[in-house]
Each structure stands twice: as structure tokens, then as C-alpha cells.
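> Enclosed is the structure file input_4.csv (CSV, C-alpha atoms).
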```csv
chain,number,residue,atom,x,y,z
T,58,MET,CA,130.9,125.0,97.9
T,59,GLU,CA,127.3,124.8,96.7
T,60,PRO,CA,124.9,123.4,99.3
T,61,ALA,CA,124.0,120.4,97.2
T,62,LEU,CA,127.6,119.5,96.7
T,63,LEU,CA,128.4,120.0,100.3
T,64,LYS,CA,125.5,117.8,101.4
T,65,GLU,CA,126.7,115.1,99.0
T,66,LEU,CA,130.2,115.3,100.5
T,67,LEU,CA,128.9,115.2,104.0
T,68,GLU,CA,126.7,112.2,103.3
T,69,THR,CA,129.5,110.3,101.5
T,70,LEU,CA,131.9,110.8,104.4
T,71,TYR,CA,129.2,109.9,106.9
T,72,ASP,CA,128.6,106.6,105.2
T,73,ARG,CA,132.3,105.9,105.0
T,74,TYR,CA,133.1,106.6,108.7
T,75,ASN,CA,129.9,105.7,110.6
T,76,ARG,CA,130.5,102.0,110.6
T,77,PRO,CA,131.8,99.4,113.1
T,78,GLU,CA,135.3,99.5,111.6
T,79,PHE,CA,135.6,103.0,113.0
T,80,ILE,CA,135.3,101.9,116.6
T,81,ALA,CA,138.6,100.2,117.4
T,82,ASP,CA,140.7,103.3,116.9
T,83,ASP,CA,138.3,105.8,118.5
T,84,PRO,CA,137.7,106.6,122.2
T,85,ILE,CA,134.3,105.1,121.8
T,86,ALA,CA,136.0,101.7,121.8
T,87,VAL,CA,136.3,101.9,125.6
T,88,PRO,CA,132.6,101.9,126.4
T,89,HIS,CA,132.0,99.4,123.6
T,90,ARG,CA,133.8,96.8,125.8
T,91,PHE,CA,130.7,96.6,128.0
T,92,THR,CA,127.1,95.6,127.6
T,93,GLU,CA,125.5,97.0,130.7
T,94,GLN,CA,124.2,100.6,130.4
T,95,SER,CA,125.7,101.7,133.7
T,96,ASP,CA,129.1,100.4,132.6
T,97,ARG,CA,128.9,102.1,129.3
T,98,GLU,CA,127.8,105.4,130.8
T,99,ILE,CA,130.8,105.4,133.2
T,100,ALA,CA,133.3,104.1,130.8
T,101,GLY,CA,132.1,106.5,128.1
T,102,PHE,CA,132.3,109.5,130.4
T,103,LEU,CA,135.8,108.7,131.5
T,104,ALA,CA,137.0,108.0,128.0
T,105,ALA,CA,135.5,111.2,126.8
T,106,THR,CA,137.2,113.1,129.6
T,107,ILE,CA,140.7,112.2,128.4
T,108,ALA,CA,139.8,112.5,124.7
T,109,TRP,CA,142.4,115.0,123.6
T,110,GLY,CA,145.8,114.4,121.9
T,111,ASN,CA,146.9,111.3,120.0
T,112,ARG,CA,144.0,109.0,119.4
T,113,ARG,CA,146.0,105.8,120.0
T,114,SER,CA,147.1,107.2,123.4
T,115,ILE,CA,143.6,108.1,124.3
T,116,VAL,CA,142.3,104.6,123.5
T,117,ARG,CA,145.2,102.9,125.3
T,118,ASN,CA,144.8,105.0,128.4
T,119,GLY,CA,141.0,104.6,128.3
T,120,HIS,CA,141.5,100.8,128.5
T,121,ARG,CA,144.1,101.3,131.2
T,122,MET,CA,141.5,103.2,133.3
T,123,MET,CA,139.1,100.3,133.0
T,124,LEU,CA,141.8,97.9,134.1
T,125,LEU,CA,142.5,100.0,137.2
T,126,MET,CA,138.7,99.8,137.9
T,127,ASP,CA,138.8,96.0,137.7
T,128,ASN,CA,137.0,96.2,134.3
T,129,ALA,CA,133.8,96.8,136.2
T,130,PRO,CA,133.5,100.6,136.1
T,131,ALA,CA,130.0,101.0,137.5
T,132,ASP,CA,130.6,98.6,140.4
T,133,PHE,CA,133.9,100.3,141.1
T,134,VAL,CA,132.3,103.8,141.2
T,135,ARG,CA,129.6,102.5,143.5
T,136,ASN,CA,131.7,100.4,145.9
T,137,ALA,CA,135.5,101.1,145.7
T,138,SER,CA,137.1,101.4,149.1
T,139,PRO,CA,139.5,104.2,150.0
T,140,HIS,CA,142.4,101.7,149.4
T,141,GLU,CA,141.1,100.9,145.9
T,142,LEU,CA,140.6,104.5,145.1
T,143,ALA,CA,144.2,105.2,146.2
T,144,GLN,CA,145.4,102.6,143.6
T,145,LEU,CA,144.2,105.0,140.8
T,146,ALA,CA,147.2,107.2,141.6
T,147,SER,CA,149.4,105.5,139.0
T,148,PHE,CA,147.1,106.8,136.1
T,149,ALA,CA,148.1,109.6,133.9
T,150,HIS,CA,147.0,111.0,130.5
T,151,ARG,CA,148.6,114.2,129.7
T,152,THR,CA,147.5,116.6,132.5
T,153,PHE,CA,144.8,114.3,133.8
T,154,ASN,CA,146.4,112.4,136.6
T,155,GLY,CA,145.5,109.7,139.1
T,156,ASP,CA,144.3,112.3,141.7
T,157,ASP,CA,142.0,113.7,139.0
T,158,LEU,CA,140.7,110.3,138.2
T,159,ARG,CA,140.0,109.5,141.9
T,160,ASP,CA,138.1,112.8,142.3
T,161,PHE,CA,136.1,112.1,139.1
T,162,VAL,CA,135.2,108.6,140.4
T,163,VAL,CA,134.0,110.1,143.7
T,164,ALA,CA,132.0,112.7,141.8
T,165,LEU,CA,130.4,110.0,139.6
T,166,ARG,CA,129.5,108.1,142.8
T,167,GLY,CA,127.7,111.2,144.0
T,168,ILE,CA,125.8,111.5,140.7
T,169,MET,CA,124.8,107.8,140.8
T,170,THR,CA,123.7,108.0,144.4
T,171,GLN,CA,121.7,111.2,144.0
T,172,TYR,CA,120.2,110.8,140.5
T,173,GLY,CA,120.6,107.1,139.7
T,174,GLY,CA,123.2,107.5,137.0
T,175,ILE,CA,124.6,110.0,134.5
T,176,GLY,CA,121.9,109.1,132.0
T,177,ALA,CA,119.1,109.6,134.5
T,178,PHE,CA,120.5,113.0,135.3
T,179,PHE,CA,120.6,114.2,131.7
T,180,GLU,CA,117.3,112.7,130.8
T,181,GLN,CA,115.5,114.1,133.8
T,182,ARG,CA,116.9,117.6,133.4
T,183,TYR,CA,116.4,117.7,129.7
T,184,GLU,CA,112.7,116.8,130.1
T,185,ALA,CA,112.4,119.6,132.6
T,186,LEU,CA,114.3,122.2,130.5
T,187,HIS,CA,114.0,121.1,126.9
T,188,ASP,CA,117.4,122.5,126.2
T,189,LEU,CA,120.8,120.8,126.7
T,190,ARG,CA,122.6,124.1,127.3
T,191,PRO,CA,121.3,124.7,130.8
T,192,VAL,CA,121.6,120.9,131.5
T,193,LEU,CA,125.3,121.0,130.7
T,194,ALA,CA,125.7,123.9,133.2
T,195,GLU,CA,123.6,122.0,135.9
T,196,PHE,CA,125.6,118.8,135.3
T,197,ARG,CA,128.9,120.5,136.0
T,198,ARG,CA,127.6,122.1,139.2
T,199,ALA,CA,126.2,118.7,140.4
T,200,PHE,CA,129.4,116.9,139.5
T,201,PHE,CA,131.5,119.2,141.6
T,202,ALA,CA,129.1,119.6,144.4
T,203,GLY,CA,131.1,117.3,146.7
T,204,PRO,CA,134.6,117.5,148.1
T,205,HIS,CA,137.3,117.6,145.3
T,206,ALA,CA,140.6,119.2,144.5
T,207,PRO,CA,140.0,122.5,142.6
T,208,ARG,CA,142.6,121.4,140.0
T,209,CYS,CA,140.4,118.7,138.6
T,210,GLU,CA,137.7,121.2,137.6
T,211,LYS,CA,139.7,122.1,134.5
T,212,HIS,CA,138.9,118.7,133.1
T,213,LEU,CA,135.2,119.3,132.8
T,214,SER,CA,134.5,122.3,130.6
T,215,SER,CA,132.1,125.1,131.6
T,216,ILE,CA,129.5,126.2,129.2
T,217,GLU,CA,128.8,129.1,131.5
T,218,ARG,CA,132.3,130.4,130.8
T,219,GLY,CA,131.8,130.0,127.0
T,220,ALA,CA,133.8,126.8,126.5
T,221,ALA,CA,133.0,124.6,123.5
T,222,CYS,CA,132.4,121.6,125.9
T,223,LYS,CA,133.7,119.3,123.1
T,224,ARG,CA,134.2,116.2,125.3
T,225,LEU,CA,130.8,116.5,126.9
T,226,CYS,CA,129.1,117.0,123.5
T,227,MET,CA,131.0,114.0,122.1
T,228,TYR,CA,129.9,111.9,125.1
T,229,LEU,CA,126.3,113.0,124.6
T,230,ARG,CA,126.5,112.0,120.9
T,231,TRP,CA,127.6,108.5,122.0
T,232,MET,CA,124.8,108.1,124.5
T,233,VAL,CA,121.9,109.8,122.5
T,234,ARG,CA,122.4,109.1,118.8
T,235,ARG,CA,120.8,106.0,117.5
T,236,ASP,CA,120.8,104.5,114.1
T,237,ASP,CA,121.5,101.1,112.6
T,238,ARG,CA,125.3,101.6,112.2
T,239,GLY,CA,126.4,100.2,115.5
T,240,VAL,CA,128.8,103.0,116.5
T,241,ASP,CA,126.8,105.3,118.8
T,242,PHE,CA,124.8,103.6,121.6
T,243,GLY,CA,121.5,105.5,121.6
T,244,LEU,CA,120.9,104.7,125.3
T,245,TRP,CA,119.2,107.9,126.4
T,246,ARG,CA,115.9,107.7,124.5
T,247,ARG,CA,114.3,110.6,126.3
T,248,ILE,CA,116.7,113.1,124.7
T,249,PRO,CA,116.0,113.7,120.9
T,250,MET,CA,119.0,113.7,118.6
T,251,SER,CA,117.9,117.1,117.3
T,252,ALA,CA,118.9,118.5,120.7
T,253,LEU,CA,122.6,117.6,120.4
T,254,TYR,CA,125.4,120.0,119.6
T,255,LEU,CA,128.5,119.2,117.5
T,256,PRO,CA,131.7,118.2,119.4
T,257,LEU,CA,133.9,121.1,118.2
T,258,ASP,CA,137.7,120.7,118.5
T,259,LEU,CA,140.7,122.2,116.7
T,260,HIS,CA,140.5,119.8,113.7
T,261,VAL,CA,136.7,120.0,113.3
T,262,GLY,CA,137.0,123.7,113.4
T,263,VAL,CA,139.6,123.8,110.6
T,264,THR,CA,137.4,121.5,108.5
T,265,GLY,CA,134.2,123.4,109.3
T,266,ARG,CA,135.8,126.7,108.3
T,267,ALA,CA,137.2,125.3,105.1
T,268,LEU,CA,133.8,124.0,104.1
T,269,GLY,CA,132.1,127.3,104.9
T,270,LEU,CA,130.1,125.8,107.8
T,271,LEU,CA,131.8,128.1,110.4
T,272,THR,CA,132.9,131.7,110.2
T,273,ARG,CA,133.7,132.4,113.9
T,274,ARG,CA,137.4,132.3,114.6
T,275,GLN,CA,137.3,131.1,118.2
T,276,ASN,CA,136.4,127.5,119.0
T,277,ASP,CA,134.0,128.4,121.8
T,278,TRP,CA,130.4,127.8,122.5
T,279,ARG,CA,129.2,130.4,120.1
T,280,ALA,CA,131.1,128.6,117.4
T,281,VAL,CA,129.4,125.3,118.5
T,282,GLU,CA,126.0,126.9,118.1
T,283,GLN,CA,126.9,128.4,114.7
T,284,ILE,CA,128.2,125.2,113.1
T,285,THR,CA,125.4,123.0,114.6
T,286,ALA,CA,122.8,125.4,113.2
T,287,ARG,CA,124.4,125.1,109.7
T,288,LEU,CA,124.4,121.3,110.0
T,289,ARG,CA,120.7,121.3,111.0
T,290,GLU,CA,120.1,122.7,107.5
T,291,PHE,CA,121.2,119.4,106.1
T,292,ASP,CA,119.5,117.2,108.8
T,293,ALA,CA,117.3,118.9,111.3
T,294,GLU,CA,116.6,115.7,113.2
T,295,ASP,CA,120.1,114.4,113.5
T,296,PRO,CA,122.7,117.2,112.8
T,297,VAL,CA,125.5,115.7,114.8
T,298,ARG,CA,125.6,112.7,112.5
T,299,TYR,CA,128.0,114.9,110.5
T,300,ASP,CA,130.6,114.7,113.2
T,301,PHE,CA,131.7,111.6,111.3
T,302,SER,CA,131.9,113.6,108.1
T,303,LEU,CA,134.0,116.4,109.5
T,304,PHE,CA,136.3,113.9,111.2
T,305,GLY,CA,136.5,111.9,107.9
T,306,ALA,CA,137.3,115.0,105.8
T,307,GLY,CA,140.5,115.4,107.9
T,308,MET,CA,141.3,111.7,107.8
T,309,ASP,CA,140.8,111.6,104.0
T,310,GLY,CA,143.4,114.4,103.6
T,311,TYR,CA,141.1,117.1,102.5
T,312,PHE,CA,143.0,119.5,104.8
T,313,LYS,CA,146.7,119.0,105.3
T,314,ASP,CA,146.9,120.5,108.8
T,315,ASP,CA,144.6,117.8,110.2
T,316,ASP,CA,146.8,115.0,111.7
T,317,GLY,CA,144.0,112.8,112.9
T,318,SER,CA,144.6,113.6,116.6
T,319,ILE,CA,141.8,114.9,118.8
T,320,GLY,CA,141.9,118.6,120.0
```
I'd like the structure from this file rewritten - as C-alpha cells, please.

Amino acid sequence: MEPALLKELLETLYDRYNRPEFIADDPIAVPHRFTEQSDREIAGFLAATIAWGNRRSIVRNGHRMMLLMDNAPADFVRNASPHELAQLASFAHRTFNGDDLRDFVVALRGIMTQYGGIGAFFEQRYEALHDLRPVLAEFRRAFFAGPHAPRCEKHLSSIERGAACKRLCMYLRWMVRRDDRGVDFGLWRRIPMSALYLPLDLHVGVTGRALGLLTRRQNDWRAVEQITARLREFDAEDPVRYDFSLFGAGMDGYFKDDDGSIG
């Protein structure tokens, strides 16, 4: 597709999907329930953590997580007693179970105690390094610094092992991107939108290759860098805005093998 036509398609789909009507059926609906930044950070991180599979199931289970945390996620992370943490055992989303959720809550407590919050960690480390790639690596190390079951580590991807880190990149989009559309939160102002990387999953990969934005076959970090670099050609200041476009191309039936789930 010619670059001018491709940009027109991307912009059309961006306008169609980056709107409040998009929220209810997307995992971002979970943090949108809250108004306090700390609640949105915690709810968003946990919702992004389980964002693979059927979108309705993701959203439903994201809301269930919040119910188990008394619909006060930041307070729960800070103050939940051992008994309250044990009550998370009933949770399950695919392979992410209640034990994983408990370990993630405890890990988030460590991040909040040591750094003041997830946003504080990312903003401070980005300002020091000016590159989100080493920040992603540092975050994973800090997150798992405390006691935890090794099995839960598979639920937080490692950029150092070449993973696409799709869920972390999606979470960063939610927290960093800011516009007047009302979908993304734009809470972390000390990180520029230009620093973000595209959340790459199976379906975005299919769409990106079909549109000529991605040639690499594997959906790994090198592919993330390649497709993000191509999108920067269309908007250097906010390349990840086209996440809406690539999602929308699948939802609009441009590619028959995209079923609208999240990879």
C-alpha cells in the first residue's frame, strides 16, 4: 500500500476507535472505574497482566479482581492482611491463578513502599535513562525482588529474554498517552509519548504484516522495535496512537483470521 493511502487508513481507523465507546469492551475499562491515580495504576497493571484471550473474559475477570480487592485496589495493595490476601485464592484467568494474584499484590506493595508507586518508578527511571527498554528490564527485576513463587514470573514478560512485552507496552500506553479522546489516561507526564513502543500481539502482528509495517516473522522485541519505527514515520511524537488503528483493522474485518481476541 502506498504510504499516503496507508496513513489515511491508519488515521481513519484511529478516529473510529479512539473514542469513549471503545472503553466498555476493552481491558482499559477496569482502571476507568476509578478516579484516583494510585487506583488507576494498580487496576490498570493488573488488568493488563491478564490481557490475553477473549476480551469479554478479560474485562469480566478484571472487574472480579477489583471486587476481591474491595474495589479499592491501592488501599488493598498497601494494607491487606494475610487473611485478606488468602481470599484472592479463588481467582483464575486462564493460567493466572489466585496464588499468582497474591504474589503480584505483594510485589506491587514492594514497589509502592520503595518507590512511591508504579508511575513514580517508571518516571524516575525514564528520566535517568531516557529509554524505556532498560526501564522495562529494571522494573521486572524490582518487581520480583521480594519473596514470590517462581511460577508467577511467567506472567511478567522479560525484555532481556527478547519478549515482546505486549502487556507492559499496553499498560504504558494507557498511563502515558494523552489526547482529548478520553480513552488513555496520560497520567505519567514525565515520559514522552514518543518513547512508547507498540503493544504487539498475534493479531496486531497479522495486521502489521498485511499492511507492510512488519516483515519480521516472530512476534518478539525486535519485531516491536521494527513496527514502532515504521509507525514513527507517520507520527514521530505519538506512534503508539496507531495501536487503535491496527486493532480496528481486525475488528473491521480487513483480515479474516483476526477474531477480536487479545493475543
> Counting only C-alpha atoms, what are the residues of stretch 200-226 of chain T within 10 Å of stretch 148-161 of chain T, and for each of them which pair of atoms is the nearest and at what distance in Å, to one decimal? Sort the table by chain and rising number, as CSV.

```
residue,atom,partner,partner_atom,distance
T:Phe200,CA,T:Phe161,CA,8.3
T:Phe201,CA,T:Phe161,CA,8.8
T:Gly203,CA,T:Asp160,CA,9.4
T:Pro204,CA,T:Asp160,CA,8.2
T:His205,CA,T:Asp160,CA,5.7
T:Ala206,CA,T:Asp160,CA,7.2
T:Pro207,CA,T:Asp157,CA,9.7
T:Arg208,CA,T:Asp157,CA,7.8
T:Cys209,CA,T:Asp157,CA,5.3
T:Glu210,CA,T:Asp157,CA,8.8
T:Lys211,CA,T:Phe153,CA,9.3
T:His212,CA,T:Phe153,CA,7.4
T:Leu213,CA,T:Phe161,CA,9.6
```
> I'd like the interatomic distance between atom CA of T:Thr170 and atom CA of T:Tyr254, to a tenth of an Å.
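Going from atom CA of T:Thr170 over to atom CA of T:Tyr254 covers 27.6 Å.
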> Which residues are near T:Thr264? Cut-off 9 Å, all atoms listed in the file, ignore same chain within fewer than 4 positions. Put them as a PyMOL selection string.
chain T and resi 259-260+268-271+303-304+306-307+311-312+315
> Quick one: of T:Gly305, T:Asp72, T:Phe196, T:Ala108, who's nearest to T:Gln181, counting only C-alpha atoms?
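Comparing T:Gly305, T:Asp72, T:Phe196, T:Ala108 against T:Gln181, the winner is T:Phe196.
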> Could you tell me how far atom CA of T:Ala100 sits from atom CA of T:Arg117, in Å to one decimal place?
13.2 Å
> So that each row is one residue of stretch 70-95 of chain T with an atom at most 12 Å from stretch 223-231 of chain T, can you give its shortest atom pair and the distance in Å to one decimal, using all atoms listed in the file, rows by chain and rising number, as CSV?

```
residue,atom,partner,partner_atom,distance
T:Asn75,CA,T:Trp231,CA,12.0
T:Ile80,CA,T:Trp231,CA,11.5
T:Asp83,CA,T:Met227,CA,11.6
T:Pro84,CA,T:Tyr228,CA,9.9
T:Ile85,CA,T:Trp231,CA,7.5
T:Ala86,CA,T:Trp231,CA,10.8
T:Val87,CA,T:Trp231,CA,11.5
T:Pro88,CA,T:Trp231,CA,9.4
T:His89,CA,T:Trp231,CA,10.2
```
> The selected residues should be written to file as a PDB file, in the frame of the given file (atoms: C-alpha atoms).

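Just written: result.pdb:
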```pdb
ATOM      1  CA  ASN T  75     129.900 105.700 110.600  1.00  0.00           C
ATOM      2  CA  ILE T  80     135.300 101.900 116.600  1.00  0.00           C
ATOM      3  CA  ASP T  83     138.300 105.800 118.500  1.00  0.00           C
ATOM      4  CA  PRO T  84     137.700 106.600 122.200  1.00  0.00           C
ATOM      5  CA  ILE T  85     134.300 105.100 121.800  1.00  0.00           C
ATOM      6  CA  ALA T  86     136.000 101.700 121.800  1.00  0.00           C
ATOM      7  CA  VAL T  87     136.300 101.900 125.600  1.00  0.00           C
ATOM      8  CA  PRO T  88     132.600 101.900 126.400  1.00  0.00           C
ATOM      9  CA  HIS T  89     132.000  99.400 123.600  1.00  0.00           C
TER      10      HIS T  89
END
```
> Nearest residue to T:Ala129 out of T:Arg97, T:Arg73, T:Arg266, T:Arg198, using only C-alpha atoms?
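Checking each candidate against T:Ala129, we get T:Arg97 as the closest.
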> Tell me, in Å to one decimal, how far atom CA of T:Thr285 is from atom CA of T:Ala221.
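Atom CA of T:Ala221 lies at a distance of 11.8 Å from atom CA of T:Thr285.
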> Which residue, T:Val163, T:Asp300, T:Phe291, T:Arg234, has the smallest gap to T:Asn136 when you use all atoms listed in the file?
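Once distances to T:Asn136 are computed over all atoms listed in the file, the minimum belongs to T:Val163.
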> Taking all atoms listed in the file into account, which of T:Ala131, T:Met169, T:Val240, T:Ala185 comes nearest T:Glu93?
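When distances to T:Glu93 are compared using all atoms listed in the file, the smallest one comes from T:Ala131.
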> Save stretch 258-271 of chain T from what I just supplied, as a PDB file, in the first residue's frame, atoms limited to all heavy atoms.

```
ATOM      1  N   ASP T 258       0.808  -8.113  19.701  1.00  0.00           N
ATOM      2  CA  ASP T 258       0.335  -9.460  19.956  1.00  0.00           C
ATOM      3  C   ASP T 258       0.098 -10.164  18.627  1.00  0.00           C
ATOM      4  O   ASP T 258       0.443  -9.645  17.559  1.00  0.00           O
ATOM      5  CB  ASP T 258      -0.917  -9.464  20.833  1.00  0.00           C
ATOM      6  CG  ASP T 258      -2.116  -8.767  20.189  1.00  0.00           C
ATOM      7  OD1 ASP T 258      -2.083  -8.482  18.977  1.00  0.00           O
ATOM      8  OD2 ASP T 258      -3.097  -8.499  20.913  1.00  0.00           O
ATOM      9  N   LEU T 259      -0.477 -11.343  18.675  1.00  0.00           N
ATOM     10  CA  LEU T 259      -0.690 -12.143  17.474  1.00  0.00           C
ATOM     11  C   LEU T 259      -1.479 -11.383  16.426  1.00  0.00           C
ATOM     12  O   LEU T 259      -1.115 -11.345  15.245  1.00  0.00           O
ATOM     13  CB  LEU T 259      -1.418 -13.441  17.847  1.00  0.00           C
ATOM     14  CG  LEU T 259      -1.849 -14.342  16.681  1.00  0.00           C
ATOM     15  CD1 LEU T 259      -0.635 -14.873  15.936  1.00  0.00           C
ATOM     16  CD2 LEU T 259      -2.703 -15.494  17.194  1.00  0.00           C
ATOM     17  N   HIS T 260      -2.562 -10.735  16.849  1.00  0.00           N
ATOM     18  CA  HIS T 260      -3.468 -10.099  15.896  1.00  0.00           C
ATOM     19  C   HIS T 260      -2.882  -8.816  15.320  1.00  0.00           C
ATOM     20  O   HIS T 260      -3.010  -8.541  14.123  1.00  0.00           O
ATOM     21  CB  HIS T 260      -4.817  -9.840  16.577  1.00  0.00           C
ATOM     22  CG  HIS T 260      -5.390 -11.073  17.185  1.00  0.00           C
ATOM     23  ND1 HIS T 260      -5.898 -12.107  16.432  1.00  0.00           N
ATOM     24  CD2 HIS T 260      -5.502 -11.457  18.484  1.00  0.00           C
ATOM     25  CE1 HIS T 260      -6.303 -13.076  17.237  1.00  0.00           C
ATOM     26  NE2 HIS T 260      -6.071 -12.705  18.472  1.00  0.00           N
ATOM     27  N   VAL T 261      -2.229  -8.034  16.153  1.00  0.00           N
ATOM     28  CA  VAL T 261      -1.560  -6.825  15.660  1.00  0.00           C
ATOM     29  C   VAL T 261      -0.443  -7.217  14.707  1.00  0.00           C
ATOM     30  O   VAL T 261      -0.205  -6.545  13.698  1.00  0.00           O
ATOM     31  CB  VAL T 261      -1.045  -5.983  16.834  1.00  0.00           C
ATOM     32  CG1 VAL T 261      -0.123  -4.875  16.340  1.00  0.00           C
ATOM     33  CG2 VAL T 261      -2.216  -5.383  17.603  1.00  0.00           C
ATOM     34  N   GLY T 262       0.239  -8.334  14.999  1.00  0.00           N
ATOM     35  CA  GLY T 262       1.278  -8.811  14.099  1.00  0.00           C
ATOM     36  C   GLY T 262       0.731  -9.182  12.732  1.00  0.00           C
ATOM     37  O   GLY T 262       1.312  -8.828  11.695  1.00  0.00           O
ATOM     38  N   VAL T 263      -0.393  -9.882  12.721  1.00  0.00           N
ATOM     39  CA  VAL T 263      -1.024 -10.250  11.449  1.00  0.00           C
ATOM     40  C   VAL T 263      -1.384  -8.991  10.647  1.00  0.00           C
ATOM     41  O   VAL T 263      -1.101  -8.882   9.454  1.00  0.00           O
ATOM     42  CB  VAL T 263      -2.292 -11.098  11.704  1.00  0.00           C
ATOM     43  CG1 VAL T 263      -3.133 -11.227  10.433  1.00  0.00           C
ATOM     44  CG2 VAL T 263      -1.901 -12.475  12.215  1.00  0.00           C
ATOM     45  N   THR T 264      -1.998  -8.025  11.322  1.00  0.00           N
ATOM     46  CA  THR T 264      -2.394  -6.792  10.662  1.00  0.00           C
ATOM     47  C   THR T 264      -1.182  -6.017  10.174  1.00  0.00           C
ATOM     48  O   THR T 264      -1.149  -5.517   9.045  1.00  0.00           O
ATOM     49  CB  THR T 264      -3.218  -5.914  11.628  1.00  0.00           C
ATOM     50  OG1 THR T 264      -4.316  -6.672  12.139  1.00  0.00           O
ATOM     51  CG2 THR T 264      -3.733  -4.679  10.924  1.00  0.00           C
ATOM     52  N   GLY T 265      -0.170  -5.895  11.025  1.00  0.00           N
ATOM     53  CA  GLY T 265       1.030  -5.154  10.657  1.00  0.00           C
ATOM     54  C   GLY T 265       1.737  -5.749   9.452  1.00  0.00           C
ATOM     55  O   GLY T 265       2.202  -5.015   8.564  1.00  0.00           O
ATOM     56  N   ARG T 266       1.799  -7.067   9.373  1.00  0.00           N
ATOM     57  CA  ARG T 266       2.441  -7.700   8.218  1.00  0.00           C
ATOM     58  C   ARG T 266       1.606  -7.515   6.966  1.00  0.00           C
ATOM     59  O   ARG T 266       2.135  -7.280   5.874  1.00  0.00           O
ATOM     60  CB  ARG T 266       2.671  -9.186   8.510  1.00  0.00           C
ATOM     61  CG  ARG T 266       3.726  -9.423   9.580  1.00  0.00           C
ATOM     62  CD  ARG T 266       3.969 -10.901   9.875  1.00  0.00           C
ATOM     63  NE  ARG T 266       4.908 -11.024  10.989  1.00  0.00           N
ATOM     64  CZ  ARG T 266       4.549 -11.164  12.265  1.00  0.00           C
ATOM     65  NH1 ARG T 266       3.250 -11.222  12.587  1.00  0.00           N
ATOM     66  NH2 ARG T 266       5.468 -11.235  13.209  1.00  0.00           N
ATOM     67  N   ALA T 267       0.294  -7.625   7.099  1.00  0.00           N
ATOM     68  CA  ALA T 267      -0.579  -7.457   5.935  1.00  0.00           C
ATOM     69  C   ALA T 267      -0.486  -6.037   5.371  1.00  0.00           C
ATOM     70  O   ALA T 267      -0.614  -5.837   4.166  1.00  0.00           O
ATOM     71  CB  ALA T 267      -2.022  -7.779   6.318  1.00  0.00           C
ATOM     72  N   LEU T 268      -0.234  -5.067   6.236  1.00  0.00           N
ATOM     73  CA  LEU T 268      -0.142  -3.674   5.797  1.00  0.00           C
ATOM     74  C   LEU T 268       1.280  -3.275   5.408  1.00  0.00           C
ATOM     75  O   LEU T 268       1.518  -2.127   5.039  1.00  0.00           O
ATOM     76  CB  LEU T 268      -0.643  -2.743   6.903  1.00  0.00           C
ATOM     77  CG  LEU T 268      -2.147  -2.819   7.207  1.00  0.00           C
ATOM     78  CD1 LEU T 268      -2.479  -1.966   8.422  1.00  0.00           C
ATOM     79  CD2 LEU T 268      -2.974  -2.387   6.011  1.00  0.00           C
ATOM     80  N   GLY T 269       2.208  -4.217   5.523  1.00  0.00           N
ATOM     81  CA  GLY T 269       3.586  -3.918   5.155  1.00  0.00           C
ATOM     82  C   GLY T 269       4.363  -3.150   6.204  1.00  0.00           C
ATOM     83  O   GLY T 269       5.432  -2.603   5.908  1.00  0.00           O
ATOM     84  N   LEU T 270       3.862  -3.119   7.434  1.00  0.00           N
ATOM     85  CA  LEU T 270       4.533  -2.403   8.518  1.00  0.00           C
ATOM     86  C   LEU T 270       5.537  -3.279   9.255  1.00  0.00           C
ATOM     87  O   LEU T 270       6.359  -2.774  10.022  1.00  0.00           O
ATOM     88  CB  LEU T 270       3.508  -1.884   9.526  1.00  0.00           C
ATOM     89  CG  LEU T 270       2.525  -0.830   9.014  1.00  0.00           C
ATOM     90  CD1 LEU T 270       1.391  -0.633  10.023  1.00  0.00           C
ATOM     91  CD2 LEU T 270       3.244   0.488   8.758  1.00  0.00           C
ATOM     92  N   LEU T 271       5.451  -4.578   9.039  1.00  0.00           N
ATOM     93  CA  LEU T 271       6.273  -5.527   9.777  1.00  0.00           C
ATOM     94  C   LEU T 271       6.669  -6.663   8.847  1.00  0.00           C
ATOM     95  O   LEU T 271       5.817  -7.266   8.186  1.00  0.00           O
ATOM     96  CB  LEU T 271       5.487  -6.070  10.981  1.00  0.00           C
ATOM     97  CG  LEU T 271       6.176  -7.085  11.892  1.00  0.00           C
ATOM     98  CD1 LEU T 271       7.414  -6.476  12.533  1.00  0.00           C
ATOM     99  CD2 LEU T 271       5.204  -7.573  12.969  1.00  0.00           C
TER     100      LEU T 271
END
```
